[in-house]
>>> print(open('target20.pdb').read())   # PDB, C-alpha atoms
ATOM      1  CA  MET N 603      56.665  68.163 -27.190  1.00  0.00           C
ATOM      2  CA  PHE N 604      53.817  69.961 -25.433  1.00  0.00           C
ATOM      3  CA  THR N 605      53.364  72.836 -22.980  1.00  0.00           C
ATOM      4  CA  GLY N 606      50.727  71.561 -20.570  1.00  0.00           C
ATOM      5  CA  ILE N 607      48.270  74.273 -21.645  1.00  0.00           C
ATOM      6  CA  ILE N 608      45.008  72.497 -22.488  1.00  0.00           C
ATOM      7  CA  GLU N 609      43.323  73.586 -25.708  1.00  0.00           C
ATOM      8  CA  GLU N 610      40.111  71.622 -25.488  1.00  0.00           C
ATOM      9  CA  ILE N 611      38.154  69.059 -23.500  1.00  0.00           C
ATOM     10  CA  GLY N 612      37.287  66.106 -25.707  1.00  0.00           C
ATOM     11  CA  THR N 613      34.858  63.222 -25.303  1.00  0.00           C
ATOM     12  CA  ILE N 614      35.656  59.561 -25.842  1.00  0.00           C
ATOM     13  CA  ARG N 615      33.219  58.304 -28.468  1.00  0.00           C
ATOM     14  CA  GLN N 616      34.563  54.838 -29.103  1.00  0.00           C
ATOM     15  CA  LYS N 617      37.112  52.641 -27.395  1.00  0.00           C
ATOM     16  CA  LEU N 618      38.568  49.361 -28.579  1.00  0.00           C
ATOM     17  CA  SER N 619      41.368  47.276 -27.107  1.00  0.00           C
ATOM     18  CA  GLY N 620      44.096  49.190 -28.929  1.00  0.00           C
ATOM     19  CA  SER N 621      42.507  52.414 -30.147  1.00  0.00           C
ATOM     20  CA  MET N 622      39.976  55.117 -29.370  1.00  0.00           C
ATOM     21  CA  VAL N 623      37.924  57.754 -31.154  1.00  0.00           C
ATOM     22  CA  ILE N 624      37.712  61.174 -29.507  1.00  0.00           C
ATOM     23  CA  GLY N 625      35.249  63.919 -30.324  1.00  0.00           C
ATOM     24  CA  ALA N 626      36.878  67.315 -30.821  1.00  0.00           C
ATOM     25  CA  LYS N 627      36.475  70.707 -32.482  1.00  0.00           C
ATOM     26  CA  ILE N 628      39.542  72.855 -31.852  1.00  0.00           C
ATOM     27  CA  VAL N 629      42.382  70.335 -32.075  1.00  0.00           C
ATOM     28  CA  ILE N 630      41.161  68.886 -35.373  1.00  0.00           C
ATOM     29  CA  SER N 631      41.172  72.293 -37.101  1.00  0.00           C
ATOM     30  CA  ASP N 632      44.672  71.665 -38.468  1.00  0.00           C
ATOM     31  CA  LEU N 633      45.230  68.073 -37.375  1.00  0.00           C
ATOM     32  CA  ASN N 634      46.536  65.639 -39.974  1.00  0.00           C
ATOM     33  CA  ARG N 635      47.079  61.922 -39.946  1.00  0.00           C
ATOM     34  CA  GLY N 636      50.368  61.214 -38.181  1.00  0.00           C
ATOM     35  CA  ASP N 637      50.262  64.322 -35.993  1.00  0.00           C
ATOM     36  CA  SER N 638      50.746  64.081 -32.240  1.00  0.00           C
ATOM     37  CA  VAL N 639      48.044  64.969 -29.728  1.00  0.00           C
ATOM     38  CA  ALA N 640      48.321  64.778 -25.941  1.00  0.00           C
ATOM     39  CA  ILE N 641      45.287  63.056 -24.413  1.00  0.00           C
ATOM     40  CA  ASN N 642      45.307  63.458 -20.628  1.00  0.00           C
ATOM     41  CA  GLY N 643      48.993  64.196 -21.077  1.00  0.00           C
ATOM     42  CA  THR N 644      49.635  61.019 -23.081  1.00  0.00           C
ATOM     43  CA  CYS N 645      51.223  61.566 -26.491  1.00  0.00           C
ATOM     44  CA  LEU N 646      49.185  59.711 -29.110  1.00  0.00           C
ATOM     45  CA  THR N 647      49.335  59.725 -32.902  1.00  0.00           C
ATOM     46  CA  ALA N 648      46.259  60.591 -34.940  1.00  0.00           C
ATOM     47  CA  THR N 649      45.518  57.735 -37.340  1.00  0.00           C
ATOM     48  CA  LYS N 650      42.316  59.144 -38.823  1.00  0.00           C
ATOM     49  CA  VAL N 651      40.761  62.621 -38.749  1.00  0.00           C
ATOM     50  CA  SER N 652      37.126  63.478 -39.527  1.00  0.00           C
ATOM     51  CA  ASN N 653      35.023  66.631 -39.265  1.00  0.00           C
ATOM     52  CA  ASP N 654      34.338  66.250 -35.542  1.00  0.00           C
ATOM     53  CA  SER N 655      36.639  63.532 -34.210  1.00  0.00           C
ATOM     54  CA  PHE N 656      39.924  61.717 -34.624  1.00  0.00           C
ATOM     55  CA  SER N 657      41.217  58.217 -33.981  1.00  0.00           C
ATOM     56  CA  ALA N 658      44.416  57.187 -32.213  1.00  0.00           C
ATOM     57  CA  ASP N 659      46.093  53.869 -31.538  1.00  0.00           C
ATOM     58  CA  ILE N 660      47.168  53.001 -27.986  1.00  0.00           C
ATOM     59  CA  SER N 661      49.920  50.501 -27.221  1.00  0.00           C
ATOM     60  CA  PRO N 662      49.597  47.967 -24.377  1.00  0.00           C
ATOM     61  CA  GLU N 663      52.451  49.717 -22.549  1.00  0.00           C
ATOM     62  CA  THR N 664      50.653  53.070 -22.745  1.00  0.00           C
ATOM     63  CA  LEU N 665      47.476  51.523 -21.400  1.00  0.00           C
ATOM     64  CA  ARG N 666      49.405  49.941 -18.536  1.00  0.00           C
ATOM     65  CA  LEU N 667      51.055  53.195 -17.469  1.00  0.00           C
ATOM     66  CA  THR N 668      48.151  55.625 -17.903  1.00  0.00           C
ATOM     67  CA  ASN N 669      44.536  56.160 -16.904  1.00  0.00           C
ATOM     68  CA  LEU N 670      43.427  55.720 -20.511  1.00  0.00           C
ATOM     69  CA  GLN N 671      42.996  52.055 -19.620  1.00  0.00           C
ATOM     70  CA  THR N 672      40.070  52.864 -17.324  1.00  0.00           C
ATOM     71  CA  MET N 673      38.431  55.525 -19.499  1.00  0.00           C
ATOM     72  CA  ILE N 674      35.058  54.620 -20.993  1.00  0.00           C
ATOM     73  CA  ILE N 675      32.785  56.012 -23.698  1.00  0.00           C
ATOM     74  CA  GLY N 676      31.500  59.429 -22.674  1.00  0.00           C
ATOM     75  CA  ASP N 677      34.446  60.285 -20.419  1.00  0.00           C
ATOM     76  CA  LYS N 678      36.033  63.718 -20.785  1.00  0.00           C
ATOM     77  CA  VAL N 679      39.735  64.102 -21.544  1.00  0.00           C
ATOM     78  CA  ASN N 680      42.184  67.005 -21.771  1.00  0.00           C
ATOM     79  CA  MET N 681      43.675  67.627 -25.205  1.00  0.00           C
ATOM     80  CA  GLU N 682      46.616  69.600 -26.565  1.00  0.00           C
ATOM     81  CA  ARG N 683      48.231  69.637 -29.982  1.00  0.00           C
ATOM     82  CA  ALA N 684      52.003  69.322 -30.287  1.00  0.00           C
ATOM     83  CA  LEU N 685      54.048  72.464 -29.687  1.00  0.00           C
ATOM     84  CA  LYS N 686      55.143  74.518 -32.695  1.00  0.00           C
ATOM     85  CA  LEU N 687      58.499  76.292 -32.552  1.00  0.00           C
ATOM     86  CA  GLU N 688      56.864  79.705 -32.931  1.00  0.00           C
ATOM     87  CA  ASN N 689      54.448  79.115 -30.024  1.00  0.00           C
ATOM     88  CA  ARG N 690      54.816  80.662 -26.583  1.00  0.00           C
ATOM     89  CA  LEU N 691      55.831  78.206 -23.871  1.00  0.00           C
ATOM     90  CA  GLY N 692      53.061  79.086 -21.438  1.00  0.00           C
ATOM     91  CA  GLY N 693      53.478  76.046 -19.188  1.00  0.00           C
ATOM     92  CA  HIS N 694      56.650  73.947 -19.169  1.00  0.00           C
ATOM     93  CA  LEU N 695      58.230  71.421 -21.515  1.00  0.00           C
ATOM     94  CA  VAL N 696      56.104  68.273 -21.517  1.00  0.00           C
ATOM     95  CA  ALA N 697      57.127  65.158 -23.442  1.00  0.00           C
ATOM     96  CA  GLY N 698      53.786  63.381 -23.314  1.00  0.00           C
ATOM     97  CA  HIS N 699      55.411  60.299 -21.785  1.00  0.00           C
ATOM     98  CA  ILE N 700      53.518  59.405 -18.629  1.00  0.00           C
ATOM     99  CA  ASP N 701      55.639  58.272 -15.674  1.00  0.00           C
ATOM    100  CA  GLY N 702      52.742  56.710 -13.771  1.00  0.00           C
ATOM    101  CA  THR N 703      49.378  57.371 -12.180  1.00  0.00           C
ATOM    102  CA  ILE N 704      48.675  59.186  -8.905  1.00  0.00           C
ATOM    103  CA  ARG N 705      45.659  59.088  -6.614  1.00  0.00           C
ATOM    104  CA  LEU N 706      43.610  62.184  -5.764  1.00  0.00           C
ATOM    105  CA  ILE N 707      43.222  62.043  -1.981  1.00  0.00           C
ATOM    106  CA  GLU N 708      41.845  65.498  -1.181  1.00  0.00           C
ATOM    107  CA  LYS N 709      39.928  68.196  -3.044  1.00  0.00           C
ATOM    108  CA  LYS N 710      39.028  71.558  -1.530  1.00  0.00           C
ATOM    109  CA  MET N 711      38.555  75.227  -2.341  1.00  0.00           C
ATOM    110  CA  ASP N 712      40.800  78.020  -1.063  1.00  0.00           C
ATOM    111  CA  ALA N 713      38.966  81.253  -1.885  1.00  0.00           C
ATOM    112  CA  GLU N 714      38.443  80.920  -5.658  1.00  0.00           C
ATOM    113  CA  SER N 715      41.260  78.443  -6.248  1.00  0.00           C
ATOM    114  CA  LEU N 716      41.025  74.660  -6.332  1.00  0.00           C
ATOM    115  CA  ILE N 717      43.482  72.727  -4.163  1.00  0.00           C
ATOM    116  CA  LEU N 718      44.171  69.126  -5.146  1.00  0.00           C
ATOM    117  CA  LYS N 719      46.276  66.783  -3.033  1.00  0.00           C
ATOM    118  CA  PHE N 720      47.748  63.644  -4.582  1.00  0.00           C
ATOM    119  CA  SER N 721      49.499  60.533  -3.350  1.00  0.00           C
ATOM    120  CA  THR N 722      52.337  59.222  -5.480  1.00  0.00           C
ATOM    121  CA  THR N 723      55.092  56.633  -5.155  1.00  0.00           C
ATOM    122  CA  ASP N 724      58.585  57.066  -3.738  1.00  0.00           C
ATOM    123  CA  ASP N 725      60.214  56.530  -7.131  1.00  0.00           C
ATOM    124  CA  LEU N 726      58.270  59.490  -8.566  1.00  0.00           C
ATOM    125  CA  SER N 727      58.159  61.759  -5.518  1.00  0.00           C
ATOM    126  CA  ARG N 728      61.933  62.239  -5.663  1.00  0.00           C
ATOM    127  CA  TYR N 729      61.452  64.278  -8.854  1.00  0.00           C
ATOM    128  CA  ILE N 730      58.806  66.542  -7.297  1.00  0.00           C
ATOM    129  CA  ILE N 731      59.895  69.712  -5.505  1.00  0.00           C
ATOM    130  CA  LYS N 732      58.053  72.624  -3.948  1.00  0.00           C
ATOM    131  CA  ARG N 733      57.377  75.315  -6.574  1.00  0.00           C
ATOM    132  CA  GLY N 734      58.531  72.901  -9.262  1.00  0.00           C
ATOM    133  CA  SER N 735      56.484  71.852 -12.285  1.00  0.00           C
ATOM    134  CA  VAL N 736      54.435  68.707 -12.796  1.00  0.00           C
ATOM    135  CA  CYS N 737      52.035  67.684 -15.533  1.00  0.00           C
ATOM    136  CA  ILE N 738      48.789  66.123 -14.284  1.00  0.00           C
ATOM    137  CA  ASP N 739      46.406  64.745 -16.916  1.00  0.00           C
ATOM    138  CA  GLY N 740      48.205  66.978 -19.406  1.00  0.00           C
ATOM    139  CA  VAL N 741      47.910  70.157 -17.316  1.00  0.00           C
ATOM    140  CA  SER N 742      51.067  72.071 -16.385  1.00  0.00           C
ATOM    141  CA  LEU N 743      50.866  72.868 -12.667  1.00  0.00           C
ATOM    142  CA  THR N 744      53.099  74.219  -9.907  1.00  0.00           C
ATOM    143  CA  VAL N 745      53.635  72.195  -6.746  1.00  0.00           C
ATOM    144  CA  VAL N 746      52.687  74.241  -3.675  1.00  0.00           C
ATOM    145  CA  ASP N 747      53.696  71.679  -1.064  1.00  0.00           C
ATOM    146  CA  ILE N 748      55.176  68.200  -0.765  1.00  0.00           C
ATOM    147  CA  VAL N 749      55.638  66.008   2.303  1.00  0.00           C
ATOM    148  CA  GLY N 750      57.001  62.543   1.636  1.00  0.00           C
ATOM    149  CA  HIS N 751      54.993  61.074  -1.215  1.00  0.00           C
ATOM    150  CA  ILE N 752      52.045  63.487  -0.777  1.00  0.00           C
ATOM    151  CA  PHE N 753      51.982  66.720  -2.784  1.00  0.00           C
ATOM    152  CA  SER N 754      49.495  69.504  -3.504  1.00  0.00           C
ATOM    153  CA  VAL N 755      48.801  71.793  -6.440  1.00  0.00           C
ATOM    154  CA  CYS N 756      46.763  74.996  -6.584  1.00  0.00           C
ATOM    155  CA  ILE N 757      44.616  75.597  -9.656  1.00  0.00           C
ATOM    156  CA  ILE N 758      43.214  79.004 -10.564  1.00  0.00           C
ATOM    157  CA  PRO N 759      39.540  79.123 -11.659  1.00  0.00           C
ATOM    158  CA  HIS N 760      40.367  79.644 -15.348  1.00  0.00           C
ATOM    159  CA  THR N 761      42.592  76.564 -15.497  1.00  0.00           C
ATOM    160  CA  ALA N 762      40.164  74.470 -13.466  1.00  0.00           C
ATOM    161  CA  HIS N 763      37.254  75.105 -15.814  1.00  0.00           C
ATOM    162  CA  GLN N 764      39.299  74.849 -19.019  1.00  0.00           C
ATOM    163  CA  THR N 765      40.323  71.323 -18.040  1.00  0.00           C
ATOM    164  CA  THR N 766      38.755  68.194 -16.586  1.00  0.00           C
ATOM    165  CA  LEU N 767      40.424  68.623 -13.195  1.00  0.00           C
ATOM    166  CA  PHE N 768      37.420  70.347 -11.628  1.00  0.00           C
ATOM    167  CA  LEU N 769      35.333  67.258 -12.493  1.00  0.00           C
ATOM    168  CA  ARG N 770      37.545  64.818 -10.588  1.00  0.00           C
ATOM    169  CA  GLU N 771      36.706  63.477  -7.139  1.00  0.00           C
ATOM    170  CA  THR N 772      38.812  61.777  -4.474  1.00  0.00           C
ATOM    171  CA  GLY N 773      39.987  58.334  -5.499  1.00  0.00           C
ATOM    172  CA  TYR N 774      40.493  59.387  -9.113  1.00  0.00           C
ATOM    173  CA  MET N 775      43.719  58.141 -10.700  1.00  0.00           C
ATOM    174  CA  ALA N 776      45.416  60.869 -12.727  1.00  0.00           C
ATOM    175  CA  ASN N 777      48.307  60.667 -15.161  1.00  0.00           C
ATOM    176  CA  LEU N 778      51.576  62.174 -13.955  1.00  0.00           C
ATOM    177  CA  GLU N 779      54.599  63.301 -15.920  1.00  0.00           C
ATOM    178  CA  VAL N 780      57.343  64.715 -13.726  1.00  0.00           C
ATOM    179  CA  ASP N 781      59.602  67.517 -14.912  1.00  0.00           C
ATOM    180  CA  ILE N 782      61.866  66.041 -17.579  1.00  0.00           C
ATOM    181  CA  ILE N 783      64.748  68.285 -16.480  1.00  0.00           C
ATOM    182  CA  GLY N 784      64.953  66.511 -13.130  1.00  0.00           C
ATOM    183  CA  LYS N 785      65.272  63.134 -14.832  1.00  0.00           C
ATOM    184  CA  TYR N 786      68.051  64.383 -17.112  1.00  0.00           C
ATOM    185  CA  VAL N 787      69.958  65.860 -14.166  1.00  0.00           C
ATOM    186  CA  GLU N 788      69.675  62.574 -12.267  1.00  0.00           C
ATOM    187  CA  LYS N 789      70.973  60.681 -15.290  1.00  0.00           C
ATOM    188  CA  LEU N 790      73.925  63.031 -15.697  1.00  0.00           C
ATOM    189  CA  ILE N 791      75.090  62.794 -12.085  1.00  0.00           C
ATOM    190  CA  GLN N 792      74.711  59.009 -11.796  1.00  0.00           C
ATOM    191  CA  PRO N 793      78.201  58.232 -13.186  1.00  0.00           C
ATOM    192  CA  VAL N 794      79.726  60.583 -10.615  1.00  0.00           C
ATOM    193  CA  LYS N 795      77.750  59.037  -7.762  1.00  0.00           C
ATOM    194  CA  GLN N 796      78.580  55.515  -8.867  1.00  0.00           C
ATOM    195  CA  GLY N 797      82.237  56.355  -9.488  1.00  0.00           C
ATOM    196  CA  LEU N 798      83.071  57.607  -5.985  1.00  0.00           C
ATOM    197  CA  THR N 799      83.294  54.183  -4.402  1.00  0.00           C
ATOM    198  CA  HIS N 800      86.016  52.413  -2.437  1.00  0.00           C
ATOM    199  CA  ASN N 801      86.967  50.400  -5.512  1.00  0.00           C
ATOM    200  CA  PHE N 802      87.019  53.502  -7.724  1.00  0.00           C
ATOM    201  CA  LEU N 803      89.375  55.349  -5.351  1.00  0.00           C
ATOM    202  CA  ALA N 804      91.635  52.311  -5.015  1.00  0.00           C
ATOM    203  CA  GLU N 805      91.798  51.748  -8.771  1.00  0.00           C
ATOM    204  CA  HIS N 806      92.809  55.367  -9.360  1.00  0.00           C
ATOM    205  CA  GLY N 807      95.553  55.478  -6.737  1.00  0.00           C
ATOM    206  CA  PHE N 808      93.784  57.434  -4.008  1.00  0.00           C
ATOM    207  CA  MET N 809      93.907  54.603  -1.470  1.00  0.00           C
TER     208      MET N 809
END
>>> encode(input="target20.pdb", output="structure tokens")
Amino acid sequence: MFTGIIEEIGTIRQKLSGSMVIGAKIVISDLNRGDSVAINGTCLTATKVSNDSFSADISPETLRLTNLQTMIIGDKVNMERALKLENRLGGHLVAGHIDGTIRLIEKKMDAESLILKFSTTDDLSRYIIKRGSVCIDGVSLTVVDIVGHIFSVCIIPHTAHQTTLFLRETGYMANLEVDIIGKYVEKLIQPVKQGLTHNFLAEHGFM
């Protein structure tokens, strides 16, 4: 699990079909082989750690669902080590399992804050609510507005410059993980929704 609080911006140094090498300083300070690291919000496992970089394997499914597929050597990525039980939960609970990618359609400043507007799909927008949490490229953010499948987030200057979000321009495809709580709630109420049918009522003597 992660918190969505970015620790470091890393640089992709090497990329193969099923793995990549990422330059880092902070996250490798106590990183061991087999540890989890979120790269642009995507949970990956460190397979090799050196003095200034680490390697991670990437499955075909992960590449298909995330923007890691389009990243090239030299690109910057957000990084966060896995949450420890004694750590403060500064953002929100993030699994590191990307639900899909979203398109940046508008970028503007509001005083000192950065406003980003994204377009998503109907199957993901149902989990997004005003003042709810989302994780974009690994960054825990609060939704300030949502209309249909378009939603906006407001990023304070500190967060903007501690992450790669201030570098992104319109058209950029970002990784999105919706709030895991919403997905669990939906799963829990599905049996109730599916059970209250004409057949269900008839079978149980109500009709």
>>> resolve_selection(input="target20.pdb", expression="the PyMOL selection byres ((chain N and resi 603) around 12)", output="PyMOL selection string")
chain N and resi 604-607+637-640+643-646+682-687+689+691+693-699+740+782
>>> closest_residue(input="target20.pdb", among="N:Asp781, N:Asp724, N:Asp654, N:Asp712", to="Val749 of chain N", atoms="only C-alpha atoms")
N:Asp724
>>> resolve_selection(input="target20.pdb", expression="the PyMOL selection byres ((chain N and resi 679) around 10)", output="short mmCIF file (atom, residue, chain, number, x, y, z; two decimals) with C-alpha atoms, keeping the file's coordinate frame")
data_model
loop_
_atom_site.label_atom_id
_atom_site.label_comp_id
_atom_site.auth_asym_id
_atom_site.auth_seq_id
_atom_site.Cartn_x
_atom_site.Cartn_y
_atom_site.Cartn_z
CA ILE N 608 45.01 72.50 -22.49
CA GLU N 610 40.11 71.62 -25.49
CA ILE N 611 38.15 69.06 -23.50
CA GLY N 612 37.29 66.11 -25.71
CA THR N 613 34.86 63.22 -25.30
CA ILE N 614 35.66 59.56 -25.84
CA ILE N 624 37.71 61.17 -29.51
CA GLY N 625 35.25 63.92 -30.32
CA ALA N 640 48.32 64.78 -25.94
CA ILE N 641 45.29 63.06 -24.41
CA ASN N 642 45.31 63.46 -20.63
CA GLY N 643 48.99 64.20 -21.08
CA LEU N 670 43.43 55.72 -20.51
CA MET N 673 38.43 55.52 -19.50
CA GLY N 676 31.50 59.43 -22.67
CA ASP N 677 34.45 60.28 -20.42
CA LYS N 678 36.03 63.72 -20.78
CA ASN N 680 42.18 67.00 -21.77
CA MET N 681 43.68 67.63 -25.20
CA ASP N 739 46.41 64.74 -16.92
CA GLY N 740 48.20 66.98 -19.41
CA THR N 765 40.32 71.32 -18.04
CA THR N 766 38.76 68.19 -16.59
CA LEU N 767 40.42 68.62 -13.20
#
>>> closest_residue(input="target20.pdb", among="N:Ile791, N:Leu706, N:Leu667, N:Met711", to="Phe753 of chain N", atoms="all atoms listed in the file")
N:Leu706
>>> closest_residue(input="target20.pdb", among="N:Gln792, N:Arg690, N:Ile704, N:Ile628", to="Thr668 of chain N", atoms="only C-alpha atoms")
N:Ile704
>>> atom_distance(input="target20.pdb", atom1="atom CA of Gly734 of chain N", atom2="atom CA of Ser754 of chain N")
11.2 Å
>>> decode(input="target20.pdb", residues="segment 718-744 of chain N", atoms="N, CA and C atoms", output="PDB file, in the first residue's frame")
ATOM      1  N   LEU N 718      -5.791  21.309 -12.895  1.00  0.00           N
ATOM      2  CA  LEU N 718      -5.728  20.354 -13.995  1.00  0.00           C
ATOM      3  C   LEU N 718      -7.106  19.747 -14.202  1.00  0.00           C
ATOM      4  N   LYS N 719      -7.534  19.712 -15.461  1.00  0.00           N
ATOM      5  CA  LYS N 719      -8.826  19.124 -15.803  1.00  0.00           C
ATOM      6  C   LYS N 719      -8.590  17.893 -16.671  1.00  0.00           C
ATOM      7  N   PHE N 720      -9.230  16.791 -16.308  1.00  0.00           N
ATOM      8  CA  PHE N 720      -9.020  15.523 -16.992  1.00  0.00           C
ATOM      9  C   PHE N 720     -10.327  14.973 -17.549  1.00  0.00           C
ATOM     10  N   SER N 721     -10.188  14.217 -18.623  1.00  0.00           N
ATOM     11  CA  SER N 721     -11.303  13.476 -19.197  1.00  0.00           C
ATOM     12  C   SER N 721     -11.093  11.996 -18.917  1.00  0.00           C
ATOM     13  N   THR N 722     -12.107  11.348 -18.383  1.00  0.00           N
ATOM     14  CA  THR N 722     -12.010   9.930 -18.088  1.00  0.00           C
ATOM     15  C   THR N 722     -13.147   9.188 -18.787  1.00  0.00           C
ATOM     16  N   THR N 723     -13.338   7.948 -18.446  1.00  0.00           N
ATOM     17  CA  THR N 723     -14.387   7.135 -19.055  1.00  0.00           C
ATOM     18  C   THR N 723     -15.546   6.972 -18.077  1.00  0.00           C
ATOM     19  N   ASP N 724     -16.704   6.600 -18.602  1.00  0.00           N
ATOM     20  CA  ASP N 724     -17.886   6.454 -17.756  1.00  0.00           C
ATOM     21  C   ASP N 724     -17.689   5.386 -16.684  1.00  0.00           C
ATOM     22  N   ASP N 725     -16.970   4.312 -17.015  1.00  0.00           N
ATOM     23  CA  ASP N 725     -16.809   3.237 -16.039  1.00  0.00           C
ATOM     24  C   ASP N 725     -15.906   3.636 -14.878  1.00  0.00           C
ATOM     25  N   LEU N 726     -15.082   4.674 -15.052  1.00  0.00           N
ATOM     26  CA  LEU N 726     -14.254   5.169 -13.954  1.00  0.00           C
ATOM     27  C   LEU N 726     -14.863   6.393 -13.288  1.00  0.00           C
ATOM     28  N   SER N 727     -15.571   7.207 -14.042  1.00  0.00           N
ATOM     29  CA  SER N 727     -16.121   8.446 -13.480  1.00  0.00           C
ATOM     30  C   SER N 727     -17.146   8.167 -12.386  1.00  0.00           C
ATOM     31  N   ARG N 728     -17.762   6.999 -12.396  1.00  0.00           N
ATOM     32  CA  ARG N 728     -18.765   6.705 -11.366  1.00  0.00           C
ATOM     33  C   ARG N 728     -18.148   6.561  -9.977  1.00  0.00           C
ATOM     34  N   TYR N 729     -16.827   6.355  -9.918  1.00  0.00           N
ATOM     35  CA  TYR N 729     -16.142   6.262  -8.627  1.00  0.00           C
ATOM     36  C   TYR N 729     -15.589   7.609  -8.158  1.00  0.00           C
ATOM     37  N   ILE N 730     -15.734   8.639  -8.969  1.00  0.00           N
ATOM     38  CA  ILE N 730     -15.138   9.942  -8.657  1.00  0.00           C
ATOM     39  C   ILE N 730     -16.225  10.885  -8.161  1.00  0.00           C
ATOM     40  N   ILE N 731     -16.012  11.469  -6.986  1.00  0.00           N
ATOM     41  CA  ILE N 731     -16.985  12.389  -6.410  1.00  0.00           C
ATOM     42  C   ILE N 731     -16.295  13.689  -6.017  1.00  0.00           C
ATOM     43  N   LYS N 732     -17.068  14.754  -5.988  1.00  0.00           N
ATOM     44  CA  LYS N 732     -16.537  16.048  -5.569  1.00  0.00           C
ATOM     45  C   LYS N 732     -16.030  15.955  -4.137  1.00  0.00           C
ATOM     46  N   ARG N 733     -14.835  16.463  -3.911  1.00  0.00           N
ATOM     47  CA  ARG N 733     -14.120  16.442  -2.637  1.00  0.00           C
ATOM     48  C   ARG N 733     -13.681  15.035  -2.238  1.00  0.00           C
ATOM     49  N   GLY N 734     -13.794  14.085  -3.160  1.00  0.00           N
ATOM     50  CA  GLY N 734     -13.271  12.757  -2.915  1.00  0.00           C
ATOM     51  C   GLY N 734     -11.813  12.675  -3.335  1.00  0.00           C
ATOM     52  N   SER N 735     -11.196  11.534  -3.086  1.00  0.00           N
ATOM     53  CA  SER N 735      -9.776  11.346  -3.389  1.00  0.00           C
ATOM     54  C   SER N 735      -9.583  10.559  -4.677  1.00  0.00           C
ATOM     55  N   VAL N 736      -8.566  10.948  -5.427  1.00  0.00           N
ATOM     56  CA  VAL N 736      -8.092  10.184  -6.578  1.00  0.00           C
ATOM     57  C   VAL N 736      -6.573  10.162  -6.521  1.00  0.00           C
ATOM     58  N   CYS N 737      -5.987   9.210  -7.216  1.00  0.00           N
ATOM     59  CA  CYS N 737      -4.531   9.144  -7.308  1.00  0.00           C
ATOM     60  C   CYS N 737      -4.153   9.270  -8.781  1.00  0.00           C
ATOM     61  N   ILE N 738      -3.469  10.356  -9.125  1.00  0.00           N
ATOM     62  CA  ILE N 738      -3.078  10.625 -10.507  1.00  0.00           C
ATOM     63  C   ILE N 738      -1.565  10.570 -10.617  1.00  0.00           C
ATOM     64  N   ASP N 739      -1.067   9.645 -11.430  1.00  0.00           N
ATOM     65  CA  ASP N 739       0.382   9.425 -11.554  1.00  0.00           C
ATOM     66  C   ASP N 739       1.041   9.269 -10.187  1.00  0.00           C
ATOM     67  N   GLY N 740       0.319   8.615  -9.271  1.00  0.00           N
ATOM     68  CA  GLY N 740       0.866   8.348  -7.945  1.00  0.00           C
ATOM     69  C   GLY N 740       0.651   9.435  -6.927  1.00  0.00           C
ATOM     70  N   VAL N 741       0.020  10.548  -7.321  1.00  0.00           N
ATOM     71  CA  VAL N 741      -0.167  11.694  -6.429  1.00  0.00           C
ATOM     72  C   VAL N 741      -1.586  11.693  -5.869  1.00  0.00           C
ATOM     73  N   SER N 742      -1.711  11.710  -4.548  1.00  0.00           N
ATOM     74  CA  SER N 742      -3.013  11.792  -3.902  1.00  0.00           C
ATOM     75  C   SER N 742      -3.565  13.203  -4.046  1.00  0.00           C
ATOM     76  N   LEU N 743      -4.747  13.322  -4.655  1.00  0.00           N
ATOM     77  CA  LEU N 743      -5.343  14.627  -4.915  1.00  0.00           C
ATOM     78  C   LEU N 743      -6.830  14.614  -4.572  1.00  0.00           C
ATOM     79  N   THR N 744      -7.363  15.806  -4.312  1.00  0.00           N
ATOM     80  CA  THR N 744      -8.781  15.965  -4.008  1.00  0.00           C
ATOM     81  C   THR N 744      -9.508  16.526  -5.226  1.00  0.00           C
TER      82      THR N 744
END
